Each structure stands twice: as C-alpha cells, then as structure tokens.
$ cat input-v6.csv   # CSV, C-alpha atoms and all ligand atoms
chain,number,residue,atom,x,y,z
G,9,MET,CA,15.4,-11.0,54.0
G,10,LEU,CA,15.9,-9.3,57.3
G,11,THR,CA,19.3,-9.4,59.0
G,12,VAL,CA,19.6,-10.9,62.5
G,13,PRO,CA,20.2,-7.4,64.1
G,14,GLU,CA,17.0,-6.2,62.3
G,15,ILE,CA,15.1,-9.2,63.7
G,16,ILE,CA,16.3,-8.4,67.2
G,17,ALA,CA,15.2,-4.8,66.8
G,18,GLU,CA,11.7,-6.0,65.8
G,19,LEU,CA,11.6,-8.3,68.8
G,20,GLU,CA,12.6,-5.4,71.0
G,21,ALA,CA,9.7,-3.4,69.5
G,22,MET,CA,7.3,-6.2,70.2
G,23,HIS,CA,8.5,-7.5,73.6
G,24,GLY,CA,10.8,-4.9,75.1
G,25,GLN,CA,8.3,-3.8,77.7
G,26,ARG,CA,7.4,-7.3,78.9
G,27,GLU,CA,8.5,-8.8,82.2
G,28,TRP,CA,11.2,-11.4,82.2
G,29,HIS,CA,12.0,-13.4,85.2
G,30,TRP,CA,15.8,-12.7,85.2
G,31,TRP,CA,15.4,-9.1,84.0
G,32,PRO,CA,16.5,-6.9,85.8
G,33,GLU,CA,19.0,-8.7,87.9
G,34,LYS,CA,18.0,-11.3,90.4
G,35,PRO,CA,20.2,-12.7,93.3
G,36,PRO,CA,22.8,-14.9,91.7
G,37,PHE,CA,22.0,-18.1,93.7
G,38,GLU,CA,18.3,-17.8,92.9
G,39,VAL,CA,19.3,-17.6,89.2
G,40,CYS,CA,21.5,-20.7,89.4
G,41,VAL,CA,18.7,-22.7,91.2
G,42,GLY,CA,16.1,-21.5,88.7
G,43,ALA,CA,18.3,-22.4,85.8
G,44,ILE,CA,18.5,-26.0,87.1
G,45,LEU,CA,14.9,-26.3,88.1
G,46,VAL,CA,13.5,-25.0,84.8
G,47,GLN,CA,14.9,-28.0,82.9
G,48,ASN,CA,12.0,-29.8,81.3
G,49,THR,CA,9.3,-27.7,82.9
G,50,ALA,CA,7.5,-24.3,82.7
G,51,TRP,CA,8.8,-21.3,84.6
G,52,THR,CA,5.5,-21.0,86.5
G,53,ASN,CA,6.3,-24.4,88.2
G,54,VAL,CA,9.8,-23.1,89.0
G,55,GLU,CA,8.4,-20.0,90.6
G,56,ARG,CA,6.3,-22.2,93.0
G,57,ALA,CA,9.4,-24.2,93.9
G,58,LEU,CA,11.5,-21.0,94.4
G,59,GLU,CA,8.7,-19.6,96.6
G,60,GLN,CA,8.8,-22.6,98.8
G,61,LEU,CA,12.6,-22.5,99.0
G,62,ARG,CA,12.4,-18.8,99.9
G,63,ALA,CA,9.8,-19.3,102.6
G,64,ALA,CA,12.1,-22.1,104.1
G,65,GLY,CA,15.1,-19.7,104.1
G,66,ALA,CA,16.9,-22.2,101.7
G,67,LEU,CA,17.8,-19.8,98.9
G,68,ASP,CA,21.3,-19.7,100.2
G,69,PRO,CA,24.0,-22.2,99.4
G,70,GLU,CA,24.9,-23.1,103.0
G,71,ARG,CA,21.3,-23.4,104.1
G,72,MET,CA,20.3,-25.5,101.1
G,73,ALA,CA,23.3,-27.8,101.7
G,74,ALA,CA,22.1,-28.3,105.3
G,75,LEU,CA,18.7,-29.6,104.2
G,76,SER,CA,18.1,-33.3,104.2
G,77,ASP,CA,17.4,-35.0,100.8
G,78,ALA,CA,13.7,-35.4,101.8
G,79,GLU,CA,13.4,-31.7,102.8
G,80,LEU,CA,15.0,-30.5,99.5
G,81,GLN,CA,12.9,-32.8,97.4
G,82,SER,CA,9.8,-31.7,99.1
G,83,LEU,CA,10.6,-28.0,98.6
G,84,ILE,CA,11.3,-28.3,94.9
G,85,ARG,CA,8.6,-30.8,94.1
G,86,PRO,CA,6.5,-28.3,92.1
G,87,SER,CA,9.2,-28.1,89.5
G,88,GLY,CA,8.9,-31.8,88.6
G,89,GLN,CA,11.6,-34.5,88.4
G,90,TYR,CA,12.3,-33.4,92.0
G,91,ARG,CA,14.6,-36.4,93.0
G,92,GLN,CA,16.8,-35.9,90.0
G,93,LYS,CA,16.8,-32.1,90.4
G,94,ALA,CA,17.6,-32.3,94.1
G,95,ARG,CA,20.7,-34.4,93.0
G,96,LYS,CA,21.6,-31.7,90.4
G,97,LEU,CA,21.4,-29.0,93.0
G,98,ARG,CA,23.6,-31.0,95.4
G,99,ALA,CA,26.1,-31.4,92.5
G,100,PHE,CA,26.0,-27.7,91.9
G,101,LEU,CA,26.5,-26.9,95.6
G,102,ALA,CA,29.6,-29.2,95.5
G,103,THR,CA,31.0,-27.3,92.5
G,104,CYS,CA,30.4,-24.0,94.5
G,105,ALA,CA,32.2,-25.5,97.5
G,106,GLY,CA,35.1,-26.7,95.3
G,107,ALA,CA,35.6,-23.2,94.1
G,108,GLY,CA,35.6,-21.7,97.6
G,109,GLY,CA,32.0,-20.5,97.5
G,110,LEU,CA,29.4,-19.2,95.0
G,111,ASP,CA,30.9,-15.8,94.7
G,112,ARG,CA,34.4,-17.2,93.8
G,113,LEU,CA,32.9,-19.6,91.4
G,114,LEU,CA,30.9,-16.9,89.5
G,115,ALA,CA,34.0,-14.6,89.5
G,116,LEU,CA,36.0,-17.1,87.5
G,117,PRO,CA,36.6,-16.1,83.8
G,118,ALA,CA,33.6,-17.1,81.6
G,119,GLY,CA,35.5,-20.0,79.9
G,120,GLU,CA,36.7,-21.5,83.2
G,121,LEU,CA,33.3,-21.0,84.8
G,122,ARG,CA,31.5,-22.7,81.9
G,123,SER,CA,34.0,-25.6,82.0
G,124,ARG,CA,33.4,-26.2,85.7
G,125,LEU,CA,29.7,-26.0,85.3
G,126,LEU,CA,29.7,-28.5,82.4
G,127,GLN,CA,31.7,-30.9,84.6
G,128,THR,CA,28.9,-30.8,87.1
G,129,TRP,CA,26.4,-33.6,87.0
G,130,GLY,CA,23.1,-32.5,85.5
G,131,ILE,CA,24.3,-29.3,84.0
G,132,GLY,CA,24.4,-29.1,80.2
G,133,PRO,CA,25.4,-26.2,77.9
G,134,GLU,CA,22.1,-24.3,78.1
G,135,THR,CA,21.9,-24.4,81.9
G,136,ALA,CA,25.7,-23.5,82.1
G,137,ASP,CA,25.2,-20.5,79.8
G,138,CYS,CA,22.2,-19.3,81.7
G,139,ILE,CA,24.3,-19.3,84.9
G,140,VAL,CA,27.3,-17.6,83.1
G,141,CYS,CA,25.0,-14.9,81.5
G,142,TYR,CA,22.3,-14.3,84.2
G,143,ALA,CA,24.1,-15.1,87.5
G,144,ALA,CA,27.7,-14.3,86.8
G,145,ARG,CA,26.7,-11.5,84.3
G,146,GLN,CA,29.4,-12.5,81.9
G,147,PRO,CA,29.0,-12.3,78.2
G,148,THR,CA,27.7,-15.6,76.7
G,149,LEU,CA,24.7,-16.1,74.6
G,150,VAL,CA,22.1,-18.7,75.6
G,151,VAL,CA,20.4,-20.5,72.8
G,152,ASP,CA,17.5,-23.0,73.1
G,153,ALA,CA,14.7,-24.7,71.2
G,154,TYR,CA,12.9,-21.3,70.9
G,155,THR,CA,16.0,-19.9,69.0
G,156,ALA,CA,15.9,-22.7,66.5
G,157,ARG,CA,12.1,-22.5,66.0
G,158,LEU,CA,12.1,-18.8,65.3
G,159,PHE,CA,15.0,-18.6,63.0
G,160,ARG,CA,14.1,-21.8,61.1
G,161,ARG,CA,10.6,-20.3,60.5
G,162,LEU,CA,12.4,-17.2,59.1
G,163,GLY,CA,14.4,-19.5,56.8
G,164,MET,CA,17.7,-18.9,58.7
G,165,GLY,CA,20.2,-20.7,60.9
G,166,PRO,CA,23.3,-22.9,60.8
G,167,THR,CA,23.7,-25.8,58.3
G,168,ALA,CA,24.1,-28.2,61.2
G,169,GLU,CA,21.8,-28.6,64.3
G,170,GLY,CA,23.0,-28.8,67.9
G,171,TYR,CA,23.6,-26.3,70.7
G,172,GLY,CA,27.1,-25.3,69.6
G,173,ALA,CA,26.1,-24.8,66.0
G,174,TRP,CA,23.2,-22.6,66.9
G,175,GLN,CA,25.3,-20.5,69.4
G,176,ASP,CA,28.1,-20.0,66.9
G,177,TRP,CA,25.7,-19.0,64.2
G,178,LEU,CA,23.8,-16.5,66.3
G,179,VAL,CA,26.8,-14.9,67.8
G,180,SER,CA,28.4,-14.5,64.4
G,181,SER,CA,25.2,-13.2,62.9
G,182,LEU,CA,24.8,-10.4,65.5
G,183,SER,CA,26.7,-7.3,64.8
G,184,VAL,CA,28.9,-6.7,67.9
G,185,ALA,CA,29.5,-3.0,68.5
G,186,THR,CA,29.6,-0.6,71.4
G,187,ASP,CA,27.5,-2.2,74.2
G,188,GLU,CA,26.4,-5.1,72.0
G,189,GLY,CA,28.4,-8.2,72.9
G,190,SER,CA,28.1,-7.3,76.6
G,191,ALA,CA,26.4,-9.7,79.1
G,192,GLU,CA,23.4,-7.4,79.2
G,193,TRP,CA,23.1,-7.4,75.4
G,194,TYR,CA,23.3,-11.2,75.2
G,195,ALA,CA,20.8,-11.6,78.1
G,196,ARG,CA,18.4,-9.3,76.3
G,197,VAL,CA,18.7,-11.1,73.0
G,198,HIS,CA,18.0,-14.5,74.6
G,199,ALA,CA,15.1,-13.1,76.7
G,200,LEU,CA,13.5,-11.4,73.6
G,201,ILE,CA,13.6,-14.7,71.7
G,202,VAL,CA,12.0,-16.6,74.5
G,203,LEU,CA,9.3,-13.9,75.1
G,204,HIS,CA,8.5,-14.0,71.3
G,205,ALA,CA,8.2,-17.8,71.4
G,206,LYS,CA,5.9,-17.7,74.4
G,207,HIS,CA,3.7,-14.9,73.4
G,208,LEU,CA,3.4,-15.0,69.6
G,209,CYS,CA,5.7,-17.6,67.9
G,210,ARG,CA,4.2,-20.5,69.7
G,211,LYS,CA,4.8,-24.1,68.5
G,212,ARG,CA,1.1,-24.5,67.5
G,213,ASN,CA,-1.2,-21.7,66.4
G,214,PRO,CA,1.4,-18.9,66.3
G,215,ARG,CA,-0.2,-15.5,66.5
G,216,CYS,CA,1.2,-14.3,63.2
G,217,GLY,CA,-1.3,-11.5,62.7
G,218,GLU,CA,0.4,-9.6,65.6
G,219,CYS,CA,4.0,-10.3,64.5
G,220,LEU,CA,6.2,-7.6,63.0
G,221,LEU,CA,8.3,-10.4,61.3
G,222,ARG,CA,5.3,-11.7,59.3
G,223,ARG,CA,6.6,-10.4,55.9
G,224,ALA,CA,9.9,-12.3,56.4
G,225,CYS,CA,8.4,-15.5,57.7
G,226,SER,CA,7.9,-18.7,55.7
G,227,VAL,CA,5.1,-20.1,57.9
G,228,PRO,CA,1.9,-20.2,55.9
G,229,LYS,CA,-0.6,-17.6,57.1
G,230,THR,CA,-4.3,-18.4,57.3
H,301,LIG,S1,5.0,-14.6,61.5
H,301,LIG,FE1,4.2,-16.2,62.9
H,301,LIG,S2,5.5,-18.0,62.7
H,301,LIG,FE2,6.6,-16.2,61.7
H,301,LIG,S3,7.9,-15.4,63.3
H,301,LIG,FE3,6.0,-14.3,63.5
H,301,LIG,S4,4.8,-15.4,65.0
H,301,LIG,FE4,6.5,-16.8,64.3

$ encode --input "input-v6.csv" --output "structure tokens" --more "lines below"
Ligand code: SF4
Amino acid sequence: MLTVPEIIAELEAMHGQREWHWWPEKPPFEVCVGAILVQNTAWTNVERALEQLRAAGALDPERMAALSDAELQSLIRPSGQYRQKARKLRAFLATCAGAGGLDRLLALPAGELRSRLLQTWGIGPETADCIVCYAARQPTLVVDAYTARLFRRLGMGPTAEGYGAWQDWLVSSLSVATDEGSAEWYARVHALIVLHAKHLCRKRNPRCGECLLRRACSVPKT
C-alpha cells in the first residue's frame, strides 16, 4: 500500500502542471467571495458571478457592502442559491467590519480567524479553511468530499466520517518536514486532490487507465 506522501507525489506528477483557480495567489477578498459562492455549485458558475462582480467594481468589501440586496443578488445569480449566498456575503462583510476590516481579520492567528469565520452565518468548516488557507495564506488543510472519495477508493481514511475526522487523519498522515506543513504545501495538497477528482477520479466512470494510483486502488477496472 502506498503512503499518503507517496500518493501526493503521484498526484503532483499527474496534475502539478494543471491550472487551479486559487493557484498562484489571488486577491484575498476575491478568494473569500469565491469560497462562499462555490458552495453547492461548480467553479465555472462562480467564475461567471465573480466576473459580474468585477465588472461592477464590487470585488471590494466596502463597495460590495454599499450594494442593495437586489443588486448583489443579481450580480451573483450565476452561482445559484443567490438569495442565500447574498445573505452569507453580508454576514461575512459584517465579520470583516467587526474585526476592523478584511486585512485585520485575515491577519488574526489561524485559530482565532477560523473561530470567527465559523461564528459567521453560512460559513462551515470547509469554507472557513479555504479562507484561512487561500486568502489568509495560513497553514490549514482543506478537506472535502473529493478527499474522502479518493482515499476510500484507495482503502484508506479515518475510522469515523465527518470533516474533523478527515482533516485530522490527513494531517497526521502527511509527513511534515521542511516546507511541508506550510500554507503553500497544504494549499497544494488540497488543490491536487480536487484536480485529480475532477480530471480522473470522477464519481462515475473514473479514468483509471490514465491514473498512476491504479495499482493501489480497490475500484474494479474494466
Ligand atoms: S485508479 Fe481510478 S478510481 Fe482509483 S484513484 Fe485512480 S482514477 Fe480513482
């Protein structure tokens, strides 16, 4: 059986050259907005919403806060669930204001930042960790349904399910040395898993013939 660091190395070999929307760095507010808008939808829909916000000059906390509810909902409509997501963005803007602005919020220590985000309406652990990792560039590992799909197919993972169980298991399974364990390293691990899930390890009809993990995988090959 491969170790988790060996699996990550194979993912790097397969997907390291691919584009990833938060890689390299994107403006922090854009990352935060994207992390909220991507809930329950595909990134292509988020891109359309971000483009409309950008064209309206609203990818800025103060300018977004000045929009009416109708304006904000209209701009983010391509991302789906637009009324609910507009409310989530308003809640996030209130959290920023409560901290003295976005920059001050993102400069908080990772634990404090994560705690404030989790107290914000509409922000759960995955969204909070995306913001901590990709916007604040602080070391935390994002896990998601793709993480569970990949490692379960490889016969690995925690004994329990749930976000915290998967995060604890993956962090402890990665060897943390030198630059590993940095925000960049955690961001790369998460991005590689998502890229693998989207390009090869799809929910239905995975493209196993192109996968370097094929020998270690329990999914029947046709
Ligand atoms: S062999 Fe197929 S199912 Fe297994 S990890 Fe690779 S793509 Fe996924």

$ residues_near_ligand --input "input-v6.csv" --ligand "ligand LIG 301 (chain H)" --cutoff "10 Å" --atoms "all atoms listed in the file" --output "count of residues only"
35

$ closest_atom_pairs --input "input-v6.csv" --of "range 125-213 of chain G" --to "range 34-48 of chain G" --cutoff "9 Å" --atoms "only C-alpha atoms" --output "JSON lines"
{"residue": "G:Gly130", "atom": "CA", "partner": "G:Ile44", "partner_atom": "CA", "distance": 8.1}
{"residue": "G:Ile131", "atom": "CA", "partner": "G:Ile44", "partner_atom": "CA", "distance": 7.4}
{"residue": "G:Glu134", "atom": "CA", "partner": "G:Ala43", "partner_atom": "CA", "distance": 8.8}
{"residue": "G:Thr135", "atom": "CA", "partner": "G:Ala43", "partner_atom": "CA", "distance": 5.7}
{"residue": "G:Ala136", "atom": "CA", "partner": "G:Ala43", "partner_atom": "CA", "distance": 8.3}
{"residue": "G:Cys138", "atom": "CA", "partner": "G:Ala43", "partner_atom": "CA", "distance": 6.5}
{"residue": "G:Ile139", "atom": "CA", "partner": "G:Cys40", "partner_atom": "CA", "distance": 5.5}
{"residue": "G:Tyr142", "atom": "CA", "partner": "G:Val39", "partner_atom": "CA", "distance": 6.7}
{"residue": "G:Ala143", "atom": "CA", "partner": "G:Pro36", "partner_atom": "CA", "distance": 4.4}
{"residue": "G:Ala144", "atom": "CA", "partner": "G:Pro36", "partner_atom": "CA", "distance": 7.0}

$ atom_distance --input "input-v6.csv" --atom1 "CA of Asp137 in chain G" --atom2 "CA of Leu149 in chain G"
6.8 Å

$ atom_distance --input "input-v6.csv" --atom1 "CA of Gly106 in chain G" --atom2 "CA of Met72 in chain G"
15.9 Å

$ atom_distance --input "input-v6.csv" --atom1 "CA of Leu83 in chain G" --atom2 "CA of Gln60 in chain G"
5.7 Å

$ closest_residue --input "input-v6.csv" --among "G:His23, G:Arg62, G:Arg124, G:Arg56" --to "Arg85 in chain G" --atoms "all atoms listed in the file"
G:Arg56

$ residues_around --input "input-v6.csv" --residues "Ala99 in chain G" --least-positions-apart "5" --cutoff "10 Å" --atoms "all atoms listed in the file" --output "PyMOL selection string"
chain G and resi 93-94+104-105+125+127-131

$ residues_near_point --input "input-v6.csv" --point "(28.0, -23.9, 75.0)" --cutoff "12 Å" --atoms "all atoms listed in the file" --output "PDB file with C-alpha atoms, keeping the file's coordinate frame"
ATOM      1  CA  ALA G 118      33.600 -17.100  81.600  1.00  0.00           C
ATOM      2  CA  GLY G 119      35.500 -20.000  79.900  1.00  0.00           C
ATOM      3  CA  LEU G 121      33.300 -21.000  84.800  1.00  0.00           C
ATOM      4  CA  ARG G 122      31.500 -22.700  81.900  1.00  0.00           C
ATOM      5  CA  SER G 123      34.000 -25.600  82.000  1.00  0.00           C
ATOM      6  CA  LEU G 125      29.700 -26.000  85.300  1.00  0.00           C
ATOM      7  CA  LEU G 126      29.700 -28.500  82.400  1.00  0.00           C
ATOM      8  CA  ILE G 131      24.300 -29.300  84.000  1.00  0.00           C
ATOM      9  CA  GLY G 132      24.400 -29.100  80.200  1.00  0.00           C
ATOM     10  CA  PRO G 133      25.400 -26.200  77.900  1.00  0.00           C
ATOM     11  CA  GLU G 134      22.100 -24.300  78.100  1.00  0.00           C
ATOM     12  CA  THR G 135      21.900 -24.400  81.900  1.00  0.00           C
ATOM     13  CA  ALA G 136      25.700 -23.500  82.100  1.00  0.00           C
ATOM     14  CA  ASP G 137      25.200 -20.500  79.800  1.00  0.00           C
ATOM     15  CA  CYS G 138      22.200 -19.300  81.700  1.00  0.00           C
ATOM     16  CA  ILE G 139      24.300 -19.300  84.900  1.00  0.00           C
ATOM     17  CA  VAL G 140      27.300 -17.600  83.100  1.00  0.00           C
ATOM     18  CA  CYS G 141      25.000 -14.900  81.500  1.00  0.00           C
ATOM     19  CA  THR G 148      27.700 -15.600  76.700  1.00  0.00           C
ATOM     20  CA  LEU G 149      24.700 -16.100  74.600  1.00  0.00           C
ATOM     21  CA  VAL G 150      22.100 -18.700  75.600  1.00  0.00           C
ATOM     22  CA  VAL G 151      20.400 -20.500  72.800  1.00  0.00           C
ATOM     23  CA  ASP G 152      17.500 -23.000  73.100  1.00  0.00           C
ATOM     24  CA  GLY G 170      23.000 -28.800  67.900  1.00  0.00           C
ATOM     25  CA  TYR G 171      23.600 -26.300  70.700  1.00  0.00           C
ATOM     26  CA  GLY G 172      27.100 -25.300  69.600  1.00  0.00           C
ATOM     27  CA  ALA G 173      26.100 -24.800  66.000  1.00  0.00           C
ATOM     28  CA  TRP G 174      23.200 -22.600  66.900  1.00  0.00           C
ATOM     29  CA  GLN G 175      25.300 -20.500  69.400  1.00  0.00           C
ATOM     30  CA  ASP G 176      28.100 -20.000  66.900  1.00  0.00           C
ATOM     31  CA  VAL G 179      26.800 -14.900  67.800  1.00  0.00           C
TER      32      VAL G 179
END

$ closest_residue --input "input-v6.csv" --among "G:Thr167, G:Arg145, G:Ala78, G:Pro69" --to "Tyr194 in chain G" --atoms "all atoms listed in the file"
G:Arg145

$ closest_residue --input "input-v6.csv" --among "G:Ala115, G:Glu14, G:Thr49, G:Arg98" --to "Ser76 in chain G" --atoms "only C-alpha atoms"
G:Arg98
